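**Student:** Below is the file data_11.pdb, with PDB, C-alpha atoms and all ligand atoms.
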ATOM      1  CA  MET A   1     101.114  79.395 104.038
ATOM      2  CA  ILE A   2     101.120  83.110 103.206
ATOM      3  CA  GLU A   3      97.898  84.229 101.590
ATOM      4  CA  LYS A   4      97.989  87.176  99.208
ATOM      5  CA  THR A   5      95.483  89.936  99.916
ATOM      6  CA  PRO A   6      93.021  89.969  97.013
ATOM      7  CA  TYR A   7      93.104  93.229  95.093
ATOM      8  CA  HIS A   8      89.513  94.133  96.036
ATOM      9  CA  PHE A   9      90.348  94.048  99.751
ATOM     10  CA  GLU A  10      93.313  96.389  99.440
ATOM     11  CA  LYS A  11      92.943  99.670 101.332
ATOM     12  CA  ASN A  12      92.956 101.858  98.247
ATOM     13  CA  TYR A  13      90.923  99.629  95.997
ATOM     14  CA  ILE A  14      89.671 101.630  93.005
ATOM     15  CA  SER A  15      86.308 100.368  91.749
ATOM     16  CA  ILE A  16      85.255 100.810  88.114
ATOM     17  CA  PRO A  17      82.853 103.678  89.051
ATOM     18  CA  ASP A  18      85.702 105.344  91.061
ATOM     19  CA  LYS A  19      87.963 105.075  88.045
ATOM     20  CA  GLU A  20      85.302 106.549  85.783
ATOM     21  CA  GLU A  21      84.670 109.383  88.240
ATOM     22  CA  ILE A  22      88.288 110.523  88.335
ATOM     23  CA  VAL A  23      88.813 110.053  84.591
ATOM     24  CA  SER A  24      85.746 112.168  83.753
ATOM     25  CA  PHE A  25      86.738 114.807  86.347
ATOM     26  CA  LEU A  26      90.205 115.122  84.742
ATOM     27  CA  LYS A  27      88.704 115.313  81.266
ATOM     28  CA  GLU A  28      85.906 117.768  81.996
ATOM     29  CA  GLU A  29      87.582 120.058  84.520
ATOM     30  CA  LYS A  30      91.290 119.772  83.672
ATOM     31  CA  GLY A  31      91.282 119.003  79.938
ATOM     32  CA  LEU A  32      93.281 115.778  80.424
ATOM     33  CA  ASP A  33      91.895 112.745  78.609
ATOM     34  CA  PHE A  34      92.901 109.401  80.134
ATOM     35  CA  SER A  35      89.719 107.608  79.036
ATOM     36  CA  GLY A  36      91.638 105.478  76.517
ATOM     37  CA  TYR A  37      94.289 104.297  78.995
ATOM     38  CA  SER A  38      93.941 100.637  79.901
ATOM     39  CA  GLU A  39      91.627 100.190  82.837
ATOM     40  CA  ALA A  40      94.021  98.104  84.926
ATOM     41  CA  SER A  41      96.813 100.643  84.579
ATOM     42  CA  VAL A  42      94.618 103.611  85.594
ATOM     43  CA  ARG A  43      93.235 101.753  88.616
ATOM     44  CA  ARG A  44      96.697 100.613  89.695
ATOM     45  CA  ARG A  45      98.248 104.080  89.372
ATOM     46  CA  VAL A  46      95.409 105.932  91.098
ATOM     47  CA  SER A  47      95.437 103.405  93.927
ATOM     48  CA  LYS A  48      99.185 103.993  94.393
ATOM     49  CA  ILE A  49      98.704 107.792  94.371
ATOM     50  CA  LEU A  50      96.017 107.582  97.081
ATOM     51  CA  SER A  51      98.276 105.432  99.175
ATOM     52  CA  ASP A  52     101.311 107.744  98.697
ATOM     53  CA  LEU A  53      99.229 110.811  99.579
ATOM     54  CA  ARG A  54      97.528 108.962 102.451
ATOM     55  CA  LEU A  55      94.090 109.751 101.073
ATOM     56  CA  GLU A  56      91.066 107.615 101.897
ATOM     57  CA  ASN A  57      89.255 107.600  98.571
ATOM     58  CA  VAL A  58      88.967 109.004  95.051
ATOM     59  CA  GLN A  59      86.460 111.660  96.135
ATOM     60  CA  GLU A  60      89.000 113.117  98.605
ATOM     61  CA  TYR A  61      91.588 113.181  95.831
ATOM     62  CA  ILE A  62      89.220 114.940  93.426
ATOM     63  CA  THR A  63      88.569 117.649  96.051
ATOM     64  CA  TYR A  64      92.319 118.069  96.465
ATOM     65  CA  LEU A  65      92.874 118.308  92.683
ATOM     66  CA  ARG A  66      89.986 120.769  92.375
ATOM     67  CA  ASN A  67      91.256 123.105  95.107
ATOM     68  CA  ASP A  68      95.002 123.107  94.545
ATOM     69  CA  SER A  69      96.123 124.474  91.172
ATOM     70  CA  SER A  70      99.545 122.787  91.317
ATOM     71  CA  ALA A  71      98.108 119.359  92.203
ATOM     72  CA  VAL A  72      97.400 118.423  88.566
ATOM     73  CA  LYS A  73     101.093 118.743  87.723
ATOM     74  CA  GLY A  74     101.770 116.377  90.642
ATOM     75  CA  PHE A  75      99.129 113.998  89.313
ATOM     76  CA  ILE A  76     100.842 113.789  85.883
ATOM     77  CA  GLU A  77     104.208 113.160  87.538
ATOM     78  CA  ARG A  78     102.792 110.372  89.674
ATOM     79  CA  PHE A  79     100.456 108.881  87.087
ATOM     80  CA  THR A  80     102.910 108.468  84.209
ATOM     81  CA  VAL A  81     105.339 105.557  84.213
ATOM     82  CA  ASN A  82     108.665 107.114  83.275
ATOM     83  CA  VAL A  83     110.949 104.078  83.543
ATOM     84  CA  THR A  84     113.586 104.226  80.829
ATOM     85  CA  GLU A  85     117.174 103.215  80.094
ATOM     86  CA  MET A  86     119.925 103.924  77.607
ATOM     87  CA  PHE A  87     120.150 101.307  74.860
ATOM     88  CA  ARG A  88     117.001  99.645  76.202
ATOM     89  CA  ASP A  89     116.549  96.442  74.212
ATOM     90  CA  PRO A  90     119.902  96.338  72.350
ATOM     91  CA  GLN A  91     118.378  94.302  69.521
ATOM     92  CA  PHE A  92     116.327  97.379  68.580
ATOM     93  CA  TYR A  93     119.511  99.461  68.159
ATOM     94  CA  LYS A  94     121.225  96.627  66.241
ATOM     95  CA  THR A  95     118.306  96.533  63.790
ATOM     96  CA  MET A  96     118.423 100.324  63.511
ATOM     97  CA  LEU A  97     122.117 100.061  62.717
ATOM     98  CA  ILE A  98     121.864  97.282  60.144
ATOM     99  CA  ASP A  99     118.424  97.756  58.572
ATOM    100  CA  VAL A 100     117.481 101.425  58.985
ATOM    101  CA  LEU A 101     120.610 103.593  59.019
ATOM    102  CA  PRO A 102     121.679 102.586  55.459
ATOM    103  CA  THR A 103     118.382 104.071  54.171
ATOM    104  CA  LEU A 104     118.641 107.210  56.315
ATOM    105  CA  GLN A 105     122.264 107.572  55.131
ATOM    106  CA  LYS A 106     120.941 108.489  51.669
ATOM    107  CA  LEU A 107     119.088 111.551  52.996
ATOM    108  CA  GLU A 108     120.604 115.013  53.007
ATOM    109  CA  LYS A 109     118.811 115.940  56.248
ATOM    110  CA  ILE A 110     117.269 113.592  58.802
ATOM    111  CA  SER A 111     114.581 114.301  61.395
ATOM    112  CA  VAL A 112     113.922 112.069  64.392
ATOM    113  CA  TRP A 113     111.085 112.250  66.941
ATOM    114  CA  SER A 114     111.109 110.312  70.190
ATOM    115  CA  ALA A 115     107.465 110.519  71.311
ATOM    116  CA  GLY A 116     107.208 109.640  75.007
ATOM    117  CA  CYS A 117     110.931 110.168  75.498
ATOM    118  CA  SER A 118     110.811 110.308  79.321
ATOM    119  CA  SER A 119     114.097 111.710  80.698
ATOM    120  CA  GLY A 120     115.914 111.524  77.346
ATOM    121  CA  GLU A 121     118.004 108.348  77.563
ATOM    122  CA  GLU A 122     116.441 106.945  74.357
ATOM    123  CA  LEU A 123     117.233 110.086  72.355
ATOM    124  CA  LEU A 124     120.836 110.107  73.614
ATOM    125  CA  SER A 125     121.236 106.453  72.659
ATOM    126  CA  LEU A 126     120.042 107.237  69.130
ATOM    127  CA  ALA A 127     122.326 110.276  68.924
ATOM    128  CA  ILE A 128     125.341 108.118  69.858
ATOM    129  CA  LEU A 129     124.392 105.539  67.226
ATOM    130  CA  PHE A 130     123.993 108.314  64.649
ATOM    131  CA  LYS A 131     127.336 109.904  65.622
ATOM    132  CA  GLU A 132     129.235 106.638  65.299
ATOM    133  CA  ASN A 133     127.790 106.176  61.835
ATOM    134  CA  GLY A 134     128.387 109.686  60.522
ATOM    135  CA  LEU A 135     124.767 110.905  60.635
ATOM    136  CA  LEU A 136     124.725 113.122  63.715
ATOM    137  CA  GLU A 137     125.496 116.484  62.131
ATOM    138  CA  ARG A 138     122.681 116.307  59.589
ATOM    139  CA  THR A 139     120.061 115.100  62.067
ATOM    140  CA  THR A 140     117.609 117.044  64.224
ATOM    141  CA  PHE A 141     116.133 115.293  67.251
ATOM    142  CA  LEU A 142     112.829 116.119  68.947
ATOM    143  CA  GLY A 143     112.010 114.560  72.310
ATOM    144  CA  SER A 144     108.496 114.964  73.675
ATOM    145  CA  ASP A 145     106.546 113.751  76.662
ATOM    146  CA  LEU A 146     103.375 114.462  78.593
ATOM    147  CA  SER A 147     105.277 114.995  81.830
ATOM    148  CA  PRO A 148     107.110 118.346  82.162
ATOM    149  CA  LYS A 149     109.203 116.948  85.019
ATOM    150  CA  VAL A 150     110.977 114.301  82.917
ATOM    151  CA  LEU A 151     111.526 116.844  80.128
ATOM    152  CA  GLU A 152     113.334 119.151  82.573
ATOM    153  CA  GLN A 153     115.681 116.284  83.401
ATOM    154  CA  ALA A 154     116.110 115.415  79.695
ATOM    155  CA  LYS A 155     117.205 118.991  78.912
ATOM    156  CA  THR A 156     120.089 118.777  81.403
ATOM    157  CA  GLY A 157     121.697 115.729  79.740
ATOM    158  CA  SER A 158     122.842 114.818  83.256
ATOM    159  CA  TYR A 159     122.350 111.419  84.905
ATOM    160  CA  LYS A 160     123.662 109.542  87.921
ATOM    161  CA  GLU A 161     126.974 108.001  86.943
ATOM    162  CA  ARG A 162     126.193 104.790  88.827
ATOM    163  CA  ASN A 163     123.254 104.340  86.406
ATOM    164  CA  LEU A 164     125.342 105.231  83.364
ATOM    165  CA  ALA A 165     127.848 102.528  84.313
ATOM    166  CA  THR A 166     125.118  99.900  83.924
ATOM    167  CA  TYR A 167     124.530 100.991  80.304
ATOM    168  CA  GLU A 168     128.049 100.043  79.079
ATOM    169  CA  LYS A 169     126.993  96.467  78.281
ATOM    170  CA  PRO A 170     123.717  97.310  76.465
ATOM    171  CA  TYR A 171     125.667  99.987  74.547
ATOM    172  CA  PHE A 172     128.206  97.377  73.472
ATOM    173  CA  ASP A 173     125.455  94.834  72.665
ATOM    174  CA  SER A 174     123.757  97.504  70.530
ATOM    175  CA  GLY A 175     126.807  97.685  68.272
ATOM    176  CA  GLY A 176     128.538 100.571  70.114
ATOM    177  CA  LYS A 177     132.031 101.201  68.797
ATOM    178  CA  HIS A 178     133.734 102.932  71.735
ATOM    179  CA  LYS A 179     132.973 103.258  75.437
ATOM    180  CA  LEU A 180     129.842 104.988  76.673
ATOM    181  CA  GLY A 181     132.072 106.847  79.139
ATOM    182  CA  ASP A 182     133.699 108.620  76.152
ATOM    183  CA  TYR A 183     130.481 110.612  75.647
ATOM    184  CA  TYR A 184     130.085 112.216  79.065
ATOM    185  CA  SER A 185     132.119 114.084  81.667
ATOM    186  CA  THR A 186     131.865 113.339  85.346
ATOM    187  CA  TYR A 187     130.949 116.005  87.895
ATOM    188  CA  GLY A 188     130.699 114.536  91.378
ATOM    189  CA  THR A 189     128.187 111.709  91.168
ATOM    190  CA  ASP A 190     126.776 112.826  87.809
ATOM    191  CA  GLY A 191     127.729 112.208  84.198
ATOM    192  CA  VAL A 192     126.877 115.057  81.790
ATOM    193  CA  PHE A 193     126.650 114.164  78.103
ATOM    194  CA  ASP A 194     128.760 116.231  75.704
ATOM    195  CA  LYS A 195     127.148 119.326  74.235
ATOM    196  CA  ASP A 196     128.043 118.388  70.644
ATOM    197  CA  LEU A 197     125.993 115.203  70.998
ATOM    198  CA  ARG A 198     122.974 117.270  72.129
ATOM    199  CA  ALA A 199     123.475 120.290  69.843
ATOM    200  CA  ASN A 200     120.486 119.412  67.622
ATOM    201  CA  PHE A 201     118.173 118.299  70.455
ATOM    202  CA  ARG A 202     114.850 120.004  71.168
ATOM    203  CA  PHE A 203     112.352 119.004  73.826
ATOM    204  CA  GLU A 204     108.689 119.892  74.098
ATOM    205  CA  LYS A 205     105.619 118.910  76.076
ATOM    206  CA  PHE A 206     103.296 116.957  73.781
ATOM    207  CA  ASN A 207     100.246 114.866  74.630
ATOM    208  CA  LEU A 208      99.971 112.004  72.129
ATOM    209  CA  VAL A 209      96.249 111.692  72.857
ATOM    210  CA  THR A 210      95.181 115.268  72.160
ATOM    211  CA  ASP A 211      97.978 117.317  70.560
ATOM    212  CA  ILE A 212      98.589 117.612  66.829
ATOM    213  CA  GLN A 213     102.074 117.310  65.372
ATOM    214  CA  THR A 214     102.625 119.659  62.457
ATOM    215  CA  GLN A 215     106.092 118.441  61.434
ATOM    216  CA  GLN A 216     106.904 115.309  59.409
ATOM    217  CA  PHE A 217     109.804 113.049  60.402
ATOM    218  CA  ASP A 218     112.028 110.400  58.826
ATOM    219  CA  LEU A 219     112.038 108.324  62.010
ATOM    220  CA  VAL A 220     109.424 108.285  64.781
ATOM    221  CA  VAL A 221     110.258 106.275  67.873
ATOM    222  CA  CYS A 222     107.325 105.669  70.236
ATOM    223  CA  ARG A 223     108.434 102.844  72.481
ATOM    224  CA  ASN A 224     106.839 101.538  75.661
ATOM    225  CA  VAL A 225     104.092 104.176  75.602
ATOM    226  CA  LEU A 226     101.245 102.513  73.650
ATOM    227  CA  ILE A 227     101.259  99.598  76.068
ATOM    228  CA  TYR A 228      99.302 101.793  78.523
ATOM    229  CA  PHE A 229      96.560 102.527  75.954
ATOM    230  CA  ASN A 230      93.532 100.434  74.988
ATOM    231  CA  SER A 231      93.198  99.184  71.399
ATOM    232  CA  GLN A 232      90.982 102.104  70.218
ATOM    233  CA  LEU A 233      93.402 104.693  71.576
ATOM    234  CA  GLN A 234      96.356 102.838  70.040
ATOM    235  CA  ASN A 235      94.600 103.004  66.667
ATOM    236  CA  SER A 236      93.940 106.728  67.035
ATOM    237  CA  VAL A 237      97.551 107.460  68.112
ATOM    238  CA  PHE A 238      98.860 105.395  65.167
ATOM    239  CA  LYS A 239      96.725 107.510  62.840
ATOM    240  CA  SER A 240      98.372 110.689  64.171
ATOM    241  CA  LEU A 241     101.868 109.158  64.088
ATOM    242  CA  ASN A 242     101.232 108.091  60.497
ATOM    243  CA  ILE A 243     100.499 111.707  59.536
ATOM    244  CA  SER A 244     103.732 112.844  61.191
ATOM    245  CA  LEU A 245     105.831 110.332  59.228
ATOM    246  CA  LYS A 246     107.229 111.049  55.753
ATOM    247  CA  PRO A 247     106.559 108.464  53.003
ATOM    248  CA  GLY A 248     109.277 105.829  53.323
ATOM    249  CA  GLY A 249     109.876 106.909  56.939
ATOM    250  CA  PHE A 250     110.313 104.516  59.868
ATOM    251  CA  LEU A 251     108.111 103.973  62.906
ATOM    252  CA  ALA A 252     109.480 102.074  65.905
ATOM    253  CA  VAL A 253     107.439 100.746  68.831
ATOM    254  CA  GLY A 254     108.461  98.798  71.947
ATOM    255  CA  SER A 255     109.254  95.087  72.036
ATOM    256  CA  LYS A 256     105.864  94.285  73.630
ATOM    257  CA  GLU A 257     103.959  96.543  71.228
ATOM    258  CA  SER A 258     102.948  96.283  67.567
ATOM    259  CA  VAL A 259     100.839  97.941  64.885
ATOM    260  CA  ILE A 260      98.230  95.174  65.232
ATOM    261  CA  PHE A 261      95.486  97.563  66.391
ATOM    262  CA  TYR A 262      96.173 100.048  63.599
ATOM    263  CA  GLU A 263      93.452  99.933  60.956
ATOM    264  CA  ASP A 264      95.860 100.952  58.192
ATOM    265  CA  LYS A 265      98.719  98.625  59.198
ATOM    266  CA  GLY A 266      98.850  97.357  55.605
ATOM    267  CA  SER A 267     100.614 100.571  54.604
ATOM    268  CA  TYR A 268     103.664  99.517  56.651
ATOM    269  CA  ILE A 269     106.179  96.705  56.332
ATOM    270  CA  GLU A 270     108.252  95.453  59.252
ATOM    271  CA  VAL A 271     111.912  95.950  58.332
ATOM    272  CA  LYS A 272     112.788  92.597  59.899
ATOM    273  CA  PRO A 273     110.408  90.054  61.519
ATOM    274  CA  GLU A 274     109.730  90.842  65.170
ATOM    275  CA  SER A 275     111.903  93.973  65.019
ATOM    276  CA  LYS A 276     108.932  96.295  65.772
ATOM    277  CA  ILE A 277     110.419  98.787  63.331
ATOM    278  CA  TYR A 278     108.041  99.503  60.450
ATOM    279  CA  GLN A 279     108.622 101.339  57.188
ATOM    280  CA  LYS A 280     105.814 103.410  55.718
ATOM    281  CA  ASN A 281     105.029 102.821  52.056
ATOM    282  CA  GLN A 282     106.581 105.356  49.690
TER     283      GLN A 282
HETATM  284  C1  LIG B 301     107.821 103.880  80.036
HETATM  285  S1  LIG B 301     108.239 105.455  79.423
HETATM  286  C2  LIG B 301     109.072 105.036  77.932
HETATM  287  C3  LIG B 301     110.284 105.905  77.677
HETATM  288  C4  LIG B 301     111.115 105.519  76.460
HETATM  289  N1  LIG B 301     110.368 105.683  75.233
HETATM  290  C5  LIG B 301     111.629 104.122  76.574
HETATM  291  O1  LIG B 301     111.147 103.229  75.849
HETATM  292  O2  LIG B 301     112.509 103.866  77.404
HETATM  293  C6  LIG B 301     106.658 106.045  78.831
HETATM  294  C7  LIG B 301     106.590 107.568  78.679
HETATM  295  O3  LIG B 301     105.396 107.901  77.975
HETATM  296  C8  LIG B 301     104.903 109.103  78.511
HETATM  297  N2  LIG B 301     103.466 109.232  78.202
HETATM  298  C9  LIG B 301     102.411 108.596  78.741
HETATM  299  N3  LIG B 301     101.265 109.031  78.203
HETATM  300  C10 LIG B 301     101.607 109.970  77.276
HETATM  301  C11 LIG B 301     100.867 110.790  76.386
HETATM  302  N4  LIG B 301      99.524 110.747  76.353
HETATM  303  N5  LIG B 301     101.539 111.638  75.589
HETATM  304  C12 LIG B 301     102.899 111.697  75.635
HETATM  305  N6  LIG B 301     103.657 110.961  76.451
HETATM  306  C13 LIG B 301     103.020 110.103  77.277
HETATM  307  C14 LIG B 301     105.175 109.005  80.003
HETATM  308  O4  LIG B 301     105.205 110.261  80.630
HETATM  309  C15 LIG B 301     106.531 108.295  80.019
HETATM  310  O5  LIG B 301     107.603 109.193  80.137
END
Before anything else, please render the file you have as structure tokens.

**Tutor:**
Amino acid sequence: MIEKTPYHFEKNYISIPDKEEIVSFLKEEKGLDFSGYSEASVRRRVSKILSDLRLENVQEYITYLRNDSSAVKGFIERFTVNVTEMFRDPQFYKTMLIDVLPTLQKLEKISVWSAGCSSGEELLSLAILFKENGLLERTTFLGSDLSPKVLEQAKTGSYKERNLATYEKPYFDSGGKHKLGDYYSTYGTDGVFDKDLRANFRFEKFNLVTDIQTQQFDLVVCRNVLIYFNSQLQNSVFKSLNISLKPGGFLAVGSKESVIFYEDKGSYIEVKPESKIYQKNQ
């Protein structure tokens, strides 16, 4: 019988005091606040970083972060989970199509914010949905993330074609009307999305925990980001997202997330049960 190594015997086991030491170092010396991230996720990520960098312990890593000015950028790249897909969770896009777009259709101008957009696949998926339903030209799209690396990729609009091929089915299941391949041109192994689709895109670095959004949007999409935060931090991020949403605007979270930890959740109604798309009261 194969016995699994218990977590606390793993080489790079991160104890609670270790976790607190690195979190307070990052906050006090680097201005990065991860104190509201769920404990398990911080310990798992830091353990993986130590193992990748072949470091013995958290104290060695702190010395490295303290002495190398570019190491913090590397920390953000390694710490954040940037997994994303086009048309991730097709039911979300179907609900957008059927239950949200008819309301947005009535607006003269539409503003969309994908907060925690990773490398941009989510924003492109929305842009395609908007184009196929005649809303693209009057819409501005902001994509933001904590990690500058993923934003650089998002700005290129270029992805491995072998990955794009796997998005044809979710695109179709999302209510797509053509072929995903109609929206990009192939250069070698890459597919580059058409410029007209991305004409109204803007990307910026934005930390949902500490930065303040000054604009108000008709649709805010913050999917698969809050799952890494504890309930207090989720509440505080919801408060900020609420301020950045126009009355009657829509807020979408991931399929495993909800507004349950938001103290003012009563000011939202879910557009369809279990859709995780909420409309703010007018
Ligand atoms: C799993 S990805 C989700 C991407 C996309 N929304 C989706 O659902 O496919 C989570 C993203 O949230 C970003 N993130 C994590 N903490 C953040 C923070 N405090 N502020 C802004 N973005 C953050 C990560 O860098 C990562 O790109």

**Student:** Interatomic distance between CA of Lys179 (chain A) and CA of Leu135 (chain A)?

**Tutor:**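 We find that CA of Lys179 (chain A) and CA of Leu135 (chain A) lie 18.6 Å from each other.
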
**Student:** Hey, which residues sit close to ligand LIG 301 (chain B)? Say within 6 Å, counting all atoms listed in the file, and write them as a list in words.

**Tutor:**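 With all atoms listed in the file and a cut-off of 6 Å, ligand LIG 301 (chain B) is contacted by Thr80, Val81, Asn82, Val83, Thr84, Glu85, Gly116, Cys117, Ser118, Glu122, Asp145, Leu146, Ser147, Phe206, Asn207, Leu208, Val209, Cys222, Arg223, Asn224 and Val225 of chain A.
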
**Student:** I need the output of the PyMOL selection byres (((chain A and resi 213-221) around 6) and not hetatm) for this file as number ranges by chain; which residues are they?

**Tutor:** A: 111-114, 212, 222, 244-246, 249-252

**Student:** Select, from A:Leu180, A:Ala71, A:Ala115, A:Met86, the residue with the minimum atom-to-atom distance to Leu151 (chain A), counting only C-alpha atoms.

**Tutor:**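 Counting only C-alpha atoms, the residue closest to Leu151 (chain A) is A:Ala115.
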
**Student:** Check which residues satisfy the PyMOL selection byres (((chain A and resi 193) around 12) and not hetatm) in the file shown, then give them as a ChimeraX atom specification.

**Tutor:** /A:120-121,123-125,127-128,154-161,164,180-187,190-192,194-199

**Student:** Which residue out of A:Lys256, A:His178, A:Arg43, A:Lys27 has the minimum interatomic distance to Val72 (chain A) when only C-alpha atoms are used?

**Tutor:**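 That would be A:Lys27, the residue with the smallest distance to Val72 (chain A).
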
**Student:** Of the candidates A:Leu142, A:Phe238, A:Leu101, A:Glu152, which one gets nearest to Phe130 (chain A) if we count all atoms listed in the file?

**Tutor:**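 Counting all atoms listed in the file, the residue closest to Phe130 (chain A) is A:Leu101.
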
**Student:** Compare A:Glu108, A:Glu132, A:Glu263, A:Asp89 by their minimum atom-to-atom distance to Tyr167 (chain A), counting all atoms listed in the file, and give me the closest one.

**Tutor:** A:Asp89

**Student:** List the neighbours of region 60-62 of chain A out to 9 Å using only C-alpha atoms; skip same-chain residues closer than 3 positions along the sequence, and give me the result as a list in words.

**Tutor:**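 These residues fall inside the cut-off: Glu21, Ile22, Phe25, Leu26, Leu50, Leu53, Leu55, Glu56, Asn57, Leu65, Arg66 and Asn67 of chain A.
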
**Student:** Could you tell me how far CA of Gly36 (chain A) sits from CA of Asp68 (chain A), in Å to one decimal place?

**Tutor:**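 About the pair CA of Asp68 (chain A) and CA of Gly36 (chain A): they are 25.4 Å apart.
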
**Student:** Please produce, as CSV, a per-residue contact table for region 19-111 of chain A versus region 266-275 of chain A (criterion: any atom at most 9 Å away, all atoms listed in the file considered), showing the nearest atom pair and its distance in Å to one decimal, sorted by chain then residue number.

**Tutor:**
residue,atom,partner,partner_atom,distance
A:Gln91,CA,A:Ser275,CA,7.9
A:Phe92,CA,A:Ser275,CA,6.6
A:Thr95,CA,A:Ser275,CA,7.0
A:Asp99,CA,A:Val271,CA,6.8
A:Val100,CA,A:Val271,CA,7.8

**Student:** For each of A:Arg138, A:Pro90, A:Gly143, A:Gln234, take the minimum atom-to-atom distance to Pro170 (chain A), counting all atoms listed in the file, then give the residue where this is smallest.

**Tutor:** A:Pro90

**Student:** Name the residues that the PyMOL selection byres (((chain A and resi 39) around 12) and not hetatm) picks from the file above, as a list in words, using the file's chain letters and numbers.

**Tutor:** Ile14, Ser15, Ile16, Pro17, Asp18, Lys19, Glu20, Val23, Phe34, Ser35, Gly36, Tyr37, Ser38, Ala40, Ser41, Val42, Arg43, Arg44, Arg45, Val46, Ile227, Tyr228, Phe229, Asn230 and Ser231 of chain A

**Student:** Distance CA of Ser119 (chain A)-CA of Arg78 (chain A), one decimal place?

**Tutor:**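 Calculated distance between CA of Ser119 (chain A) and CA of Arg78 (chain A) is 14.5 Å.
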
**Student:** Closest to Gly74 (chain A) among A:Gly254, A:Pro148, A:Gly248, A:Gly176, using all atoms listed in the file?

**Tutor:**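 Smallest separation from Gly74 (chain A) among the options: A:Pro148.
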
**Student:** Within 8 Å of (124.7, 105.7, 58.6), all atoms listed in the file: residues as an MDAnalysis selection string?

**Tutor:** chainID A and resid 97 101:105 130 133:135
